[in-house]
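S.K.: Mind looking over this structure? Questions follow.
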Amino acid sequence: MPNQLPADSVGLVTPQTHQFTAPLLLACGRTLDSYDLVYETYGQLNAAKSNAVLICHALSGHHHAAGYHRMDDKRPGWWDAYIGPGKPIDTNKFFVVALNNIGGCHGSTGPRSINPATGKAWGADFPMLRVRDWVASQARLADVLGIEVWAAVIGGSLGGMQVMRWTLDYPTRVRHAVVIASAMKLSAQNIAFNEAARKAIISDPNFMDGDYLAHNTIPKNGLAVARMIGHITYLSDYAMGEKFGRDLRSGSFELGNDEPVEFQIESYLRYQGDSFANSFDANSYIRITKALDYFDLAREFNDDAVAAFKQTQAKFLVISFSTDWRFAPERSHEIVNALVGANRPVTYAEIESKHGHDAFLLPDERYQQVFGRYLAGVEV
């Protein structure tokens with residue numbers, strides 16, 4: 001990157017860590033006696049503490065959502081296109097909080113953290129989590145920051161599930177809920193993709209029943225395959241065809257030539273898988289995808305989504321993308337129809353995009369317009 005930061009960047013940011021010593025009772029019945037949450041903030045909290053926005057991350061996301069940690073960083077935070085001065089989540093207006101959820105592997109307490117009861121890494125003994133556990137810990141962070149009510153809670157994919165859970169569990173603490181490329185529950189096909197990915201990890205000889213850290217090894221091959229499976233579902237057929245087609249990286253189909261042939265898409269997926277395996281934790285991946293599978297907004301309301309949303313008080317913005325087949329527009333339609341049935345205020349937009357599920361992370365003029373105009377109307 002250049003020596004000078006972009007004018008619309010939040011600039012250099014430093015992660016913060018808060019240690020919670022009050023026990024957190026998890027949905028599984030187990031308790032975290034203490035835990036850390038790593039987070040970043042952008043913009044300034046106003047005197048009334050009424051301009052705070054929470055960013056809920058998706059499966060592989062983390063606290064570094066915008067800006068740069070160092071001047072020589074090759075790329076900014078994962079949602080930098082949407083957070084900053086003059087951007088849809090305008091830091092001239094909002095105080096933005098982005099955190100790494102418990103169970104993750106980017107600083108917050110998770111399977112790689114030390115279990116105080118044993119003095120060793122939690123590993124396979126780290127509890128299974130639900131979306132409501134993340135929301136409960138996020139609410140405690142809001143308390144620490146003195147934020148009684150969020151101006152908006154925003155998230156895409158798994159982050160959108162956290163947004164919806166916020167509106168149910170803490171209805172008076174959310175004024176606007178932005179749910180992007182998400183669903184009220186996973187389809188059987190989505191659960192199947194997640195299970196195939198987990199099986200790839202568990203089948204790696206280096207997984208060691210989840211205790212690989214104690215054996216000083218990592219199930220890199222299994223984690224790489226898991227990421228490859230997931231990554232395929234995040235892209236559209238058009239996007240893969242447009243970027244790679246059937247182009248070869250090496251070899252040829254010339255008759256009489258038995259040199260191995262490698263397609264560009266194969267090389268790309270292997271690169272994505274290997275990069276992910278070097279930066280993510282396998283036990284975290286298993287727990288986060290399980291939380292995805294378990295989430296069902298209407299389960300406790302006799303499978304009646306309208307009854308579920310009647311508990312909420314927030315105004316909603318729901319966004320989907322035309323070529324997203326992992327969280328198809330039909331899933332967003334279900335959310336919108338339930339909100340309408342519950343007589344809740346909701347704005348909906350379906351964005352034409354060629355990029356599949358990943359579109360919610362990428363710059364797109366129409367998406368930025370819809371997103372930005374909605375947040376411009378949020379009073380602080």
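Following the order of the structure tokens, chains are lettered A, B, ..., residues in each are numbered from 1, and ligands are numbered from 1.
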Output as CSV one row per residue of stretch 177-221 of chain A within 12 Å of stretch 110-125 of chain A: the closest atom pair and its distance in Å to one decimal place, counting only C-alpha atoms, sorted by chain and residue number ascending.
M.R.:
```
residue,atom,partner,partner_atom,distance
A:Ile202,CA,A:Ala124,CA,11.4
A:Phe207,CA,A:Ala124,CA,9.9
A:Met208,CA,A:Ala124,CA,9.5
A:Asp209,CA,A:Ala124,CA,7.2
A:Gly210,CA,A:Ala124,CA,4.6
A:Asp211,CA,A:Gly123,CA,5.5
A:Tyr212,CA,A:Gly123,CA,7.7
A:Leu213,CA,A:Gly123,CA,7.0
A:Ala214,CA,A:Ala121,CA,7.9
A:His215,CA,A:Gly123,CA,11.0
A:Asn216,CA,A:Ala121,CA,11.6
A:Ile218,CA,A:Gly123,CA,11.5
```
S.K.: Name the residues of stretch 149-350 of chain A that come out as helix (DSSP H, G or I) in a backbone DSSP run; write them as a PyMOL selection string.
M.R.: chain A and resi 158-169+171-173+188-202+205-210+213-215+220-234+237-243+264-277+282-294+299-301+305-309+329-341
S.K.: Identify, on the basis of only C-alpha atoms, every residue whose closest approach to A:Pro88 does not exceed 10 Å; exclude the query and any residue fewer than 5 positions from it along the same chain; express the result as a PyMOL selection string.
M.R.: chain A and resi 81-83+367-376
S.K.: Quick one: which stretch 168-250 of chain A residues come within 6 Å of stretch 324-329 of chain A, and what is the nearest atom pair for each with the distance in Å to one decimal, counting only C-alpha atoms, rows ordered by chain and ascending number, as JSON lines?
M.R.:
```
{"residue": "A:Ala181", "atom": "CA", "partner": "A:Phe327", "partner_atom": "CA", "distance": 5.8}
{"residue": "A:Ser182", "atom": "CA", "partner": "A:Phe327", "partner_atom": "CA", "distance": 5.7}
{"residue": "A:Thr233", "atom": "CA", "partner": "A:Arg326", "partner_atom": "CA", "distance": 5.9}
```
S.K.: With only C-alpha atoms as the basis for distance, which of A:His355, A:Lys199, A:Arg299, A:Arg249 is at the shortest distance from A:Val225?
M.R.: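 Between A:His355, A:Lys199, A:Arg299, A:Arg249, the residue approaching A:Val225 most closely is A:Lys199.
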S.K.: One number please: atom CA of A:Arg173 to atom CA of A:Ser9, in Å, one decimal.
M.R.: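 Spanning atom CA of A:Arg173 to atom CA of A:Ser9 is a straight-line distance of 28.4 Å.
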S.K.: Name all residues at most 12 Å from A:Asn51 (count only C-alpha atoms; drop same-chain ones fewer than 4 positions away) and give them as a PyMOL selection string.
M.R.: chain A and resi 42-47+89-97+146-153+174-176+375-376+378-380
S.K.: Mind writing the picked residues with N, CA, C and O atoms as a tab-separated table (two decimals), in the first residue's frame?
M.R.:
```tsv
chain	number	residue	atom	x	y	z
A	42	TYR	N	-14.07	2.34	15.59
A	42	TYR	CA	-13.80	3.36	14.57
A	42	TYR	C	-14.79	4.50	14.77
A	42	TYR	O	-15.98	4.27	14.99
A	43	GLY	N	-14.31	5.74	14.65
A	43	GLY	CA	-15.18	6.89	14.89
A	43	GLY	C	-15.23	7.21	16.37
A	43	GLY	O	-14.53	6.61	17.19
A	44	GLN	N	-16.10	8.17	16.73
A	44	GLN	CA	-16.18	8.64	18.11
A	44	GLN	C	-17.57	8.40	18.67
A	44	GLN	O	-18.58	8.68	18.01
A	45	LEU	N	-17.63	7.91	19.91
A	45	LEU	CA	-18.91	7.76	20.60
A	45	LEU	C	-19.38	9.13	21.06
A	45	LEU	O	-18.63	9.86	21.72
A	46	ASN	N	-20.61	9.50	20.69
A	46	ASN	CA	-21.10	10.83	21.06
A	46	ASN	C	-21.47	10.89	22.54
A	46	ASN	O	-21.49	9.88	23.24
A	47	ALA	N	-21.75	12.10	23.02
A	47	ALA	CA	-22.00	12.30	24.44
A	47	ALA	C	-23.20	11.51	24.93
A	47	ALA	O	-23.22	11.00	26.06
A	89	ILE	N	-21.28	2.87	6.20
A	89	ILE	CA	-21.22	2.93	7.67
A	89	ILE	C	-20.25	4.07	7.99
A	89	ILE	O	-19.05	3.86	8.16
A	90	ASP	N	-20.79	5.27	8.02
A	90	ASP	CA	-20.00	6.50	8.01
A	90	ASP	C	-19.44	6.79	9.41
A	90	ASP	O	-20.19	7.08	10.35
A	91	THR	N	-18.13	6.73	9.53
A	91	THR	CA	-17.51	6.96	10.83
A	91	THR	C	-17.46	8.44	11.21
A	91	THR	O	-17.06	8.78	12.33
A	92	ASN	N	-17.87	9.33	10.31
A	92	ASN	CA	-18.08	10.72	10.70
A	92	ASN	C	-19.36	10.85	11.53
A	92	ASN	O	-19.55	11.83	12.26
A	93	LYS	N	-20.23	9.85	11.41
A	93	LYS	CA	-21.52	9.85	12.09
A	93	LYS	C	-21.59	8.80	13.20
A	93	LYS	O	-22.09	9.07	14.29
A	94	PHE	N	-21.06	7.61	12.91
A	94	PHE	CA	-21.23	6.48	13.82
A	94	PHE	C	-19.94	6.11	14.56
A	94	PHE	O	-18.83	6.32	14.05
A	95	PHE	N	-20.14	5.56	15.72
A	95	PHE	CA	-19.07	4.90	16.48
A	95	PHE	C	-19.24	3.41	16.24
A	95	PHE	O	-20.23	2.80	16.65
A	96	VAL	N	-18.29	2.81	15.55
A	96	VAL	CA	-18.42	1.44	15.07
A	96	VAL	C	-17.59	0.49	15.93
A	96	VAL	O	-16.42	0.75	16.21
A	97	VAL	N	-18.22	-0.61	16.34
A	97	VAL	CA	-17.55	-1.63	17.15
A	97	VAL	C	-17.55	-2.94	16.37
A	97	VAL	O	-18.60	-3.41	15.93
A	146	GLY	N	-20.48	1.21	27.76
A	146	GLY	CA	-21.51	2.17	28.15
A	146	GLY	C	-22.59	2.38	27.11
A	146	GLY	O	-23.26	3.42	27.10
A	147	ILE	N	-22.76	1.39	26.24
A	147	ILE	CA	-23.75	1.51	25.16
A	147	ILE	C	-25.02	0.76	25.57
A	147	ILE	O	-25.04	-0.46	25.62
A	148	GLU	N	-26.07	1.50	25.89
A	148	GLU	CA	-27.33	0.89	26.30
A	148	GLU	C	-28.14	0.43	25.10
A	148	GLU	O	-28.82	-0.61	25.15
A	149	VAL	N	-28.08	1.23	24.02
A	149	VAL	CA	-28.86	0.92	22.81
A	149	VAL	C	-27.96	1.12	21.60
A	149	VAL	O	-27.31	2.17	21.46
A	150	TRP	N	-27.93	0.13	20.71
A	150	TRP	CA	-27.21	0.28	19.45
A	150	TRP	C	-28.06	1.06	18.46
A	150	TRP	O	-29.25	0.75	18.28
A	151	ALA	N	-27.46	2.04	17.80
A	151	ALA	CA	-28.17	2.70	16.70
A	151	ALA	C	-28.48	1.68	15.62
A	151	ALA	O	-29.55	1.70	15.01
A	152	ALA	N	-27.55	0.75	15.40
A	152	ALA	CA	-27.77	-0.33	14.44
A	152	ALA	C	-26.86	-1.51	14.79
A	152	ALA	O	-25.75	-1.32	15.28
A	153	VAL	N	-27.37	-2.70	14.55
A	153	VAL	CA	-26.57	-3.91	14.59
A	153	VAL	C	-26.59	-4.47	13.17
A	153	VAL	O	-27.66	-4.64	12.58
A	174	VAL	N	-31.75	-2.46	20.38
A	174	VAL	CA	-31.44	-2.36	18.95
A	174	VAL	C	-32.49	-1.48	18.26
A	174	VAL	O	-33.67	-1.80	18.27
A	175	ARG	N	-32.03	-0.36	17.67
A	175	ARG	CA	-32.99	0.51	16.96
A	175	ARG	C	-33.12	0.13	15.49
A	175	ARG	O	-34.19	0.22	14.92
A	176	HIS	N	-32.02	-0.29	14.88
A	176	HIS	CA	-32.05	-0.71	13.48
A	176	HIS	C	-31.27	-2.01	13.34
A	176	HIS	O	-30.19	-2.16	13.92
A	375	LEU	N	-28.67	3.89	6.12
A	375	LEU	CA	-27.98	4.31	7.33
A	375	LEU	C	-27.94	5.82	7.48
A	375	LEU	O	-27.88	6.34	8.60
A	376	ALA	N	-28.02	6.53	6.35
A	376	ALA	CA	-28.09	8.00	6.42
A	376	ALA	C	-29.37	8.45	7.13
A	376	ALA	O	-29.41	9.53	7.72
A	378	VAL	N	-30.70	6.87	9.67
A	378	VAL	CA	-30.69	6.45	11.06
A	378	VAL	C	-30.35	7.64	11.95
A	378	VAL	O	-29.28	8.25	11.81
A	379	GLU	N	-31.25	7.99	12.83
A	379	GLU	CA	-31.03	9.13	13.70
A	379	GLU	C	-30.09	8.75	14.85
A	379	GLU	O	-30.17	7.65	15.39
A	380	VAL	N	-29.22	9.68	15.19
A	380	VAL	CA	-28.31	9.46	16.32
A	380	VAL	C	-28.43	10.59	17.33
A	380	VAL	O	-27.82	10.55	18.37
```
S.K.: Point out the residue among A:Gly273, A:Gly230, A:Gly86, A:Pro23 with the least atom-to-atom distance to A:Asp36, counting only C-alpha atoms.
M.R.: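 Distance minimum relative to A:Asp36 lands on A:Pro23.
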S.K.: Could you name the residues that touch A:Asp364 at 9 Å or less, counting only C-alpha atoms, but leaving out those on the same chain fewer than 5 positions away, as JSON, numbers by chain?
M.R.: {"A": [351, 353, 359, 369]}
S.K.: How close does stretch 83-197 of chain A get to stretch 14-20 of chain A? List, as JSON lines, each residue of stretch 83-197 of chain A within 12 Å, its nearest atom pair and the distance in Å to one decimal, counting only C-alpha atoms.
M.R.:
```
{"residue": "A:Val97", "atom": "CA", "partner": "A:Pro15", "partner_atom": "CA", "distance": 10.7}
{"residue": "A:Ala98", "atom": "CA", "partner": "A:Pro15", "partner_atom": "CA", "distance": 9.6}
{"residue": "A:Leu99", "atom": "CA", "partner": "A:Pro15", "partner_atom": "CA", "distance": 9.0}
{"residue": "A:Asn100", "atom": "CA", "partner": "A:Thr17", "partner_atom": "CA", "distance": 10.0}
{"residue": "A:Asn101", "atom": "CA", "partner": "A:Thr17", "partner_atom": "CA", "distance": 11.9}
{"residue": "A:Ile102", "atom": "CA", "partner": "A:Phe20", "partner_atom": "CA", "distance": 11.5}
{"residue": "A:His106", "atom": "CA", "partner": "A:Pro15", "partner_atom": "CA", "distance": 10.6}
{"residue": "A:Gly107", "atom": "CA", "partner": "A:Thr17", "partner_atom": "CA", "distance": 8.2}
{"residue": "A:Ser108", "atom": "CA", "partner": "A:Thr17", "partner_atom": "CA", "distance": 7.9}
{"residue": "A:Thr109", "atom": "CA", "partner": "A:Gln19", "partner_atom": "CA", "distance": 9.4}
{"residue": "A:Ser137", "atom": "CA", "partner": "A:Phe20", "partner_atom": "CA", "distance": 9.1}
{"residue": "A:Gln138", "atom": "CA", "partner": "A:Phe20", "partner_atom": "CA", "distance": 11.3}
{"residue": "A:Ala139", "atom": "CA", "partner": "A:Phe20", "partner_atom": "CA", "distance": 12.0}
{"residue": "A:Arg140", "atom": "CA", "partner": "A:Phe20", "partner_atom": "CA", "distance": 8.5}
{"residue": "A:Leu141", "atom": "CA", "partner": "A:His18", "partner_atom": "CA", "distance": 8.0}
{"residue": "A:Ala142", "atom": "CA", "partner": "A:His18", "partner_atom": "CA", "distance": 11.3}
{"residue": "A:Asp143", "atom": "CA", "partner": "A:Phe20", "partner_atom": "CA", "distance": 11.3}
{"residue": "A:Val144", "atom": "CA", "partner": "A:His18", "partner_atom": "CA", "distance": 8.6}
{"residue": "A:Leu145", "atom": "CA", "partner": "A:His18", "partner_atom": "CA", "distance": 10.3}
```
S.K.: Would you please give, as a list of chain:residue names, all residues of stretch 190-303 of chain A that DSSP assigns to strand (DSSP E) based on the backbone?
M.R.: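 Residues meeting the strand (DSSP E) criterion: A:Leu248, A:Arg249, A:Ser250, A:Glu262, A:Phe263.
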S.K.: Can those selected residues be exported to a file as an mmCIF file, in the first residue's frame so that it contains N, CA and C atoms?
M.R.:
```cif
data_model
loop_
_atom_site.group_PDB
_atom_site.id
_atom_site.type_symbol
_atom_site.label_atom_id
_atom_site.label_comp_id
_atom_site.auth_asym_id
_atom_site.auth_seq_id
_atom_site.Cartn_x
_atom_site.Cartn_y
_atom_site.Cartn_z
ATOM 1 N N LEU A 248 -6.025 -23.154 -18.369
ATOM 2 C CA LEU A 248 -5.029 -24.024 -17.739
ATOM 3 C C LEU A 248 -3.929 -23.208 -17.078
ATOM 4 N N ARG A 249 -3.488 -23.707 -15.939
ATOM 5 C CA ARG A 249 -2.319 -23.119 -15.292
ATOM 6 C C ARG A 249 -1.060 -23.818 -15.772
ATOM 7 N N SER A 250 -1.176 -25.107 -16.035
ATOM 8 C CA SER A 250 -0.023 -25.855 -16.534
ATOM 9 C C SER A 250 -0.505 -27.059 -17.326
ATOM 10 N N GLU A 262 -3.342 -28.919 -15.093
ATOM 11 C CA GLU A 262 -3.915 -28.228 -13.932
ATOM 12 C C GLU A 262 -4.720 -27.030 -14.419
ATOM 13 N N PHE A 263 -6.000 -26.996 -14.040
ATOM 14 C CA PHE A 263 -6.854 -25.858 -14.368
ATOM 15 C C PHE A 263 -6.570 -24.706 -13.407
#
```
S.K.: In Å, with one decimal, what is the gap from atom CA of A:Cys105 to atom CA of A:Leu37?
M.R.: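 For atom CA of A:Cys105 relative to atom CA of A:Leu37, the distance reads 11.0 Å.
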S.K.: Which residues come within 8 Å of stretch 291-293 of chain A, counting only C-alpha atoms, excluding same-chain residues fewer than 4 positions away, as a PDB file with all heavy atoms, in the first residue's frame?
M.R.:
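And here is the file that came out, part.pdb:
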```
ATOM      1  N   MET A 128     -19.239 -26.340  22.787  1.00  0.00           N
ATOM      2  CA  MET A 128     -19.991 -26.011  21.580  1.00  0.00           C
ATOM      3  C   MET A 128     -20.786 -24.732  21.834  1.00  0.00           C
ATOM      4  O   MET A 128     -21.217 -24.471  22.964  1.00  0.00           O
ATOM      5  CB  MET A 128     -20.931 -27.148  21.200  1.00  0.00           C
ATOM      6  CG  MET A 128     -20.215 -28.340  20.597  1.00  0.00           C
ATOM      7  SD  MET A 128     -19.455 -27.921  19.005  1.00  0.00           S
ATOM      8  CE  MET A 128     -18.576 -29.447  18.655  1.00  0.00           C
ATOM      9  N   LEU A 129     -20.977 -23.957  20.787  1.00  0.00           N
ATOM     10  CA  LEU A 129     -21.576 -22.634  20.929  1.00  0.00           C
ATOM     11  C   LEU A 129     -22.853 -22.503  20.113  1.00  0.00           C
ATOM     12  O   LEU A 129     -23.083 -23.252  19.163  1.00  0.00           O
ATOM     13  CB  LEU A 129     -20.575 -21.564  20.482  1.00  0.00           C
ATOM     14  CG  LEU A 129     -19.267 -21.487  21.268  1.00  0.00           C
ATOM     15  CD1 LEU A 129     -18.253 -20.657  20.514  1.00  0.00           C
ATOM     16  CD2 LEU A 129     -19.511 -20.901  22.659  1.00  0.00           C
ATOM     17  N   ARG A 130     -23.660 -21.542  20.491  1.00  0.00           N
ATOM     18  CA  ARG A 130     -24.836 -21.140  19.724  1.00  0.00           C
ATOM     19  C   ARG A 130     -24.711 -19.651  19.402  1.00  0.00           C
ATOM     20  O   ARG A 130     -23.958 -18.917  20.061  1.00  0.00           O
ATOM     21  CB  ARG A 130     -26.122 -21.373  20.522  1.00  0.00           C
ATOM     22  CG  ARG A 130     -26.347 -22.816  20.966  1.00  0.00           C
ATOM     23  CD  ARG A 130     -26.902 -23.684  19.852  1.00  0.00           C
ATOM     24  NE  ARG A 130     -27.240 -25.014  20.343  1.00  0.00           N
ATOM     25  CZ  ARG A 130     -28.456 -25.382  20.761  1.00  0.00           C
ATOM     26  NH1 ARG A 130     -29.450 -24.502  20.748  1.00  0.00           N
ATOM     27  NH2 ARG A 130     -28.677 -26.615  21.191  1.00  0.00           N
ATOM     28  N   VAL A 131     -25.474 -19.212  18.423  1.00  0.00           N
ATOM     29  CA  VAL A 131     -25.472 -17.792  18.064  1.00  0.00           C
ATOM     30  C   VAL A 131     -25.840 -16.944  19.279  1.00  0.00           C
ATOM     31  O   VAL A 131     -25.270 -15.866  19.504  1.00  0.00           O
ATOM     32  CB  VAL A 131     -26.433 -17.538  16.888  1.00  0.00           C
ATOM     33  CG1 VAL A 131     -26.642 -16.042  16.673  1.00  0.00           C
ATOM     34  CG2 VAL A 131     -25.885 -18.178  15.612  1.00  0.00           C
ATOM     35  N   LEU A 158     -23.607 -15.393   8.511  1.00  0.00           N
ATOM     36  CA  LEU A 158     -23.727 -15.758   9.918  1.00  0.00           C
ATOM     37  C   LEU A 158     -23.871 -14.510  10.787  1.00  0.00           C
ATOM     38  O   LEU A 158     -24.525 -14.533  11.835  1.00  0.00           O
ATOM     39  CB  LEU A 158     -22.505 -16.575  10.342  1.00  0.00           C
ATOM     40  CG  LEU A 158     -22.379 -16.987  11.808  1.00  0.00           C
ATOM     41  CD1 LEU A 158     -23.587 -17.779  12.264  1.00  0.00           C
ATOM     42  CD2 LEU A 158     -21.104 -17.789  12.013  1.00  0.00           C
ATOM     43  N   LYS A 185     -32.779 -19.896   9.093  1.00  0.00           N
ATOM     44  CA  LYS A 185     -32.209 -21.202   9.421  1.00  0.00           C
ATOM     45  C   LYS A 185     -31.576 -21.760   8.156  1.00  0.00           C
ATOM     46  O   LYS A 185     -31.935 -21.369   7.037  1.00  0.00           O
ATOM     47  CB  LYS A 185     -33.277 -22.172   9.942  1.00  0.00           C
ATOM     48  CG  LYS A 185     -34.416 -22.444   8.969  1.00  0.00           C
ATOM     49  CD  LYS A 185     -35.469 -23.333   9.613  1.00  0.00           C
ATOM     50  CE  LYS A 185     -36.660 -23.532   8.674  1.00  0.00           C
ATOM     51  NZ  LYS A 185     -37.724 -24.337   9.320  1.00  0.00           N
ATOM     52  N   LEU A 186     -30.631 -22.659   8.333  1.00  0.00           N
ATOM     53  CA  LEU A 186     -29.958 -23.253   7.182  1.00  0.00           C
ATOM     54  C   LEU A 186     -30.846 -24.297   6.510  1.00  0.00           C
ATOM     55  O   LEU A 186     -31.601 -25.014   7.164  1.00  0.00           O
ATOM     56  CB  LEU A 186     -28.651 -23.927   7.601  1.00  0.00           C
ATOM     57  CG  LEU A 186     -27.462 -23.051   7.976  1.00  0.00           C
ATOM     58  CD1 LEU A 186     -26.203 -23.898   8.037  1.00  0.00           C
ATOM     59  CD2 LEU A 186     -27.272 -21.891   7.021  1.00  0.00           C
ATOM     60  N   ILE A 191     -26.483 -27.439   5.509  1.00  0.00           N
ATOM     61  CA  ILE A 191     -25.978 -28.282   6.595  1.00  0.00           C
ATOM     62  C   ILE A 191     -25.083 -29.375   6.023  1.00  0.00           C
ATOM     63  O   ILE A 191     -24.039 -29.718   6.595  1.00  0.00           O
ATOM     64  CB  ILE A 191     -27.148 -28.884   7.399  1.00  0.00           C
ATOM     65  CG1 ILE A 191     -27.917 -27.766   8.116  1.00  0.00           C
ATOM     66  CG2 ILE A 191     -26.643 -29.908   8.411  1.00  0.00           C
ATOM     67  CD1 ILE A 191     -29.196 -28.236   8.777  1.00  0.00           C
ATOM     68  N   ASN A 194     -21.656 -28.040   5.246  1.00  0.00           N
ATOM     69  CA  ASN A 194     -20.899 -27.864   6.485  1.00  0.00           C
ATOM     70  C   ASN A 194     -20.393 -29.193   7.037  1.00  0.00           C
ATOM     71  O   ASN A 194     -19.266 -29.292   7.516  1.00  0.00           O
ATOM     72  CB  ASN A 194     -21.758 -27.151   7.534  1.00  0.00           C
ATOM     73  CG  ASN A 194     -21.928 -25.675   7.241  1.00  0.00           C
ATOM     74  OD1 ASN A 194     -21.192 -25.100   6.449  1.00  0.00           O
ATOM     75  ND2 ASN A 194     -22.905 -25.053   7.877  1.00  0.00           N
ATOM     76  N   ARG A 287     -16.765 -25.620  15.520  1.00  0.00           N
ATOM     77  CA  ARG A 287     -17.750 -25.011  16.407  1.00  0.00           C
ATOM     78  C   ARG A 287     -18.562 -23.930  15.728  1.00  0.00           C
ATOM     79  O   ARG A 287     -19.772 -23.811  15.954  1.00  0.00           O
ATOM     80  CB  ARG A 287     -17.037 -24.462  17.655  1.00  0.00           C
ATOM     81  CG  ARG A 287     -16.782 -25.549  18.678  1.00  0.00           C
ATOM     82  CD  ARG A 287     -15.520 -25.345  19.489  1.00  0.00           C
ATOM     83  NE  ARG A 287     -15.310 -26.529  20.334  1.00  0.00           N
ATOM     84  CZ  ARG A 287     -14.832 -27.691  19.882  1.00  0.00           C
ATOM     85  NH1 ARG A 287     -14.501 -27.815  18.598  1.00  0.00           N
ATOM     86  NH2 ARG A 287     -14.683 -28.718  20.699  1.00  0.00           N
TER      87      ARG A 287
END
```
S.K.: For each of A:Gln4, A:Ser267, A:Gln189, A:Gln272, take the minimum atom-to-atom distance to A:Met228, counting only C-alpha atoms, then give the residue where this is smallest.
M.R.: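 Closest to A:Met228 of all the choices is A:Gln272.
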S.K.: Measuring atom to atom with only C-alpha atoms, identify which of A:Thr323, A:Glu259, A:Ala27, A:Asn221 is nearest to A:Ala136.
M.R.: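 Ranking A:Thr323, A:Glu259, A:Ala27, A:Asn221 by distance to A:Ala136, first place goes to A:Ala27.
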